[in-house]
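Here is the structure we will look at, set down as structure tokens.
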Amino acid sequence: MMTIQSLFVDNYDYFRVTHKVSIEQAKAATAIKNCKTDALGGHRHECDSCGDSKLSYNSCRNRHCPQCQGVDKEIWVDQRSKDILNAPYFHVVFTIPEQLHMLIYHNQKLLYKLMYKAVAETLNELAWDDKYLGAQIGFLSVLHTWGQNLHYHPHIHTIVLAGGLTKDNRWKETSKKFFIPVKVLSKQFRGKFLYYLKQYYNQKKLKFFTETTKYQSRSQFQQLLDSCYELNWYSYTKRTFSGPLAVMKYLGLYTHRIAISNKRILSQGYDTVTIGVKDYKNNNKRKQVKMTKVEFIRRFLMHVLPTRFVKVRHYGLLANRNRKTKLERCRRLTKSPSYKPLYEGLSKIEVLGKILNKDMTLCPSCKKGHLESVHSFKIPPFPSYKIP
């Protein structure tokens, strides 16, 4: 079976001959190659009944690794279930026009934060407006940087609580439709993002490389801004599945997603790989895209996030400072049930056992005894990540 890991194991060294990588990309690539192999060490488990032993290797726990997201996602969703209210939720997506993609890529940490900032100010200001809702809402934003074909396509997925707390601490809910028209959302988001982008330019915070070097000229940069103001920035909304817990499961599809999963890799040739994609512009029709394995690695690594960058962010009623005060009040006003996390206090192996509904420590040989860790391998030191 062709996997992302096998593609990196077989082709990453060749990729490095012709491509430069950042420190973050080198760390992610090395982690993916070594995940669940003896390179990261592991444990030897022995059955307390028949004495049979089994080796298990450590996971890399890198957030870009396809093998390390499943259990983490389930634990995160389980914890966040405590915050769900008995109210409608909407999924809102904010996108950036193609003209700005490379500028954002060359200034990732700064402009990714700006995307979150523009989304947060847009939703908060419009929600407080009596014309639309007149209340403080809660929402959660997640950055994705890819399209189906793995090309660079930065956008923000936001799950918005379609109701909020008024200034006199009453609960106010919206109709079945989202309370802010999409055109208003898009226009406000566009204005916020471009306003701050121009400020960053004037403060000389932006970096320009390759095809974006022309924007060092003030006139060229102003032309870029003018062209982006003239565009209709694409945004859309849709209601999530009904029911509080269904909302969190739906959200889990986005919070821990990486650029591509193993199941979308369909076939390979000598130096090519074919992936499955959905054509969103053609009724989600399924298509196939073929590319070289080196090109696959190049596209994949474009979506490695900056070190310590916070990908999932909470705002308004869902912000940490409001969870024990305003959110609890909303819970009482909406008569929302309390959910006790299922996996709290459990180890990852115990969580996996609950997910799969099987005892993960049961000896595969005798089917009676249980495996206990009797020896651990030390993780060897990581190589230097100084990029030539």
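The chains in the structure tokens are called A, B, ... from first to last as shown; in each chain the residues are counted from 1, and the ligands are counted from 1 in the order shown.
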Cut-off 10 Å: closest segment 162-210 of chain A/segment 122-145 of chain A atom pairs per residue, using only C-alpha atoms, as a tab-separated table:
residue	atom	partner	partner_atom	distance
A:Ala162	CA	A:Ile137	CA	7.1
A:Gly163	CA	A:Ile137	CA	6.1
A:Gly164	CA	A:Ile137	CA	4.5
A:Leu165	CA	A:Ala135	CA	5.1
A:Thr166	CA	A:Ala135	CA	4.3
A:Lys167	CA	A:Ala135	CA	6.8
A:Asp168	CA	A:Ala135	CA	9.5
A:Asn169	CA	A:Ala135	CA	9.1
A:Arg170	CA	A:Ala135	CA	8.9
A:Trp171	CA	A:Ala135	CA	8.2
A:Lys172	CA	A:Ala135	CA	7.0
A:Glu173	CA	A:Leu133	CA	8.0
A:Thr174	CA	A:Leu133	CA	7.2
A:Phe178	CA	A:Tyr132	CA	9.5
A:Phe179	CA	A:Tyr132	CA	5.7
A:Ile180	CA	A:Tyr132	CA	6.0
A:Pro181	CA	A:Tyr132	CA	8.8
A:Val184	CA	A:Leu126	CA	8.8
A:Leu185	CA	A:Thr122	CA	7.0
A:Ser186	CA	A:Thr122	CA	9.0
A:Lys187	CA	A:Thr122	CA	9.4
A:Gln188	CA	A:Thr122	CA	6.0
A:Phe189	CA	A:Thr122	CA	5.7
A:Arg190	CA	A:Thr122	CA	9.3
A:Gly191	CA	A:Thr122	CA	9.3
A:Lys192	CA	A:Thr122	CA	7.4
A:Phe193	CA	A:Thr122	CA	9.7
Polymer residues at most 10 Å from Gly276 of chain A, only C-alpha atoms, same-chain spacing of 5 or more positions, as JSON, numbers by chain:
{"A": [148, 149, 260, 263, 264, 265, 266, 267, 286, 287, 288, 289, 290]}
Surrounding residues of segment 354-358 of chain A excluding itself and chain neighbours under 6 positions, 9 Å, only C-alpha atoms, as a PyMOL selection string:
chain A and resi 71+74+343
Can you pull out every residue within 9 Å of His370 of chain A, counting only C-alpha atoms, but drop anything in the same chain fewer than 6 positions away, and send it as a short mmCIF file (atom, residue, chain, number, x, y, z; two decimals) with all heavy atoms, in the first residue's frame?
data_model
loop_
_atom_site.label_atom_id
_atom_site.label_comp_id
_atom_site.auth_asym_id
_atom_site.auth_seq_id
_atom_site.Cartn_x
_atom_site.Cartn_y
_atom_site.Cartn_z
N GLU A 46 5.50 -7.86 27.17
CA GLU A 46 5.52 -9.30 27.42
C GLU A 46 4.21 -9.75 28.05
O GLU A 46 3.65 -9.06 28.92
CB GLU A 46 6.68 -9.64 28.36
CG GLU A 46 6.98 -11.14 28.44
CD GLU A 46 8.25 -11.41 29.22
OE1 GLU A 46 9.34 -11.23 28.65
OE2 GLU A 46 8.14 -11.78 30.41
N CYS A 47 3.69 -10.89 27.58
CA CYS A 47 2.43 -11.41 28.10
C CYS A 47 2.62 -11.97 29.49
O CYS A 47 3.57 -12.74 29.74
CB CYS A 47 1.90 -12.49 27.16
SG CYS A 47 0.37 -13.27 27.75
N ASP A 48 1.73 -11.62 30.42
CA ASP A 48 1.85 -12.10 31.79
C ASP A 48 1.35 -13.53 31.96
O ASP A 48 1.39 -14.08 33.05
CB ASP A 48 1.10 -11.17 32.75
CG ASP A 48 -0.38 -11.03 32.41
OD1 ASP A 48 -0.87 -11.79 31.55
OD2 ASP A 48 -1.05 -10.15 32.99
N SER A 49 0.90 -14.13 30.84
CA SER A 49 0.41 -15.51 30.91
C SER A 49 1.32 -16.47 30.15
O SER A 49 1.87 -17.41 30.72
CB SER A 49 -1.01 -15.59 30.35
OG SER A 49 -1.48 -16.92 30.37
N ASP A 359 -9.83 -4.71 23.82
CA ASP A 359 -8.75 -4.60 24.80
C ASP A 359 -7.42 -4.62 24.06
O ASP A 359 -7.00 -5.65 23.53
CB ASP A 359 -8.82 -5.77 25.79
CG ASP A 359 -7.80 -5.65 26.91
OD1 ASP A 359 -6.96 -4.73 26.85
OD2 ASP A 359 -7.83 -6.48 27.83
N MET A 360 -6.75 -3.48 23.99
CA MET A 360 -5.51 -3.37 23.24
C MET A 360 -4.35 -4.07 23.92
O MET A 360 -3.30 -4.27 23.31
CB MET A 360 -5.17 -1.89 23.01
CG MET A 360 -6.23 -1.11 22.28
SD MET A 360 -6.60 -1.78 20.64
CE MET A 360 -5.04 -1.53 19.81
N THR A 361 -4.51 -4.44 25.20
CA THR A 361 -3.42 -5.12 25.91
C THR A 361 -3.56 -6.64 25.86
O THR A 361 -2.69 -7.36 26.35
CB THR A 361 -3.38 -4.67 27.38
OG1 THR A 361 -4.57 -5.13 28.07
CG2 THR A 361 -3.27 -3.17 27.50
N LEU A 362 -4.65 -7.15 25.28
CA LEU A 362 -4.86 -8.59 25.22
C LEU A 362 -3.80 -9.25 24.35
O LEU A 362 -3.53 -8.79 23.23
CB LEU A 362 -6.25 -8.90 24.66
CG LEU A 362 -6.68 -10.37 24.69
CD1 LEU A 362 -6.84 -10.85 26.13
CD2 LEU A 362 -7.98 -10.55 23.92
N CYS A 363 -3.18 -10.30 24.83
CA CYS A 363 -2.11 -10.99 24.11
C CYS A 363 -2.66 -11.58 22.81
O CYS A 363 -3.62 -12.37 22.84
CB CYS A 363 -1.51 -12.10 24.97
SG CYS A 363 -0.24 -13.08 24.12
N PRO A 364 -2.08 -11.26 21.66
CA PRO A 364 -2.56 -11.79 20.38
C PRO A 364 -2.25 -13.28 20.20
O PRO A 364 -2.81 -13.93 19.32
CB PRO A 364 -1.81 -10.95 19.34
CG PRO A 364 -0.57 -10.50 20.03
CD PRO A 364 -0.94 -10.32 21.47
#
Find the residues near Met302 of chain A: any atom within 12 Å, counting only C-alpha atoms, skip ones fewer than 4 places away on the same chain, and give them as a PyMOL selection string.
chain A and resi 19-22+24-26+28-29+64+101-102+104-106+108+144-147+150-154+258-259+295-298+306
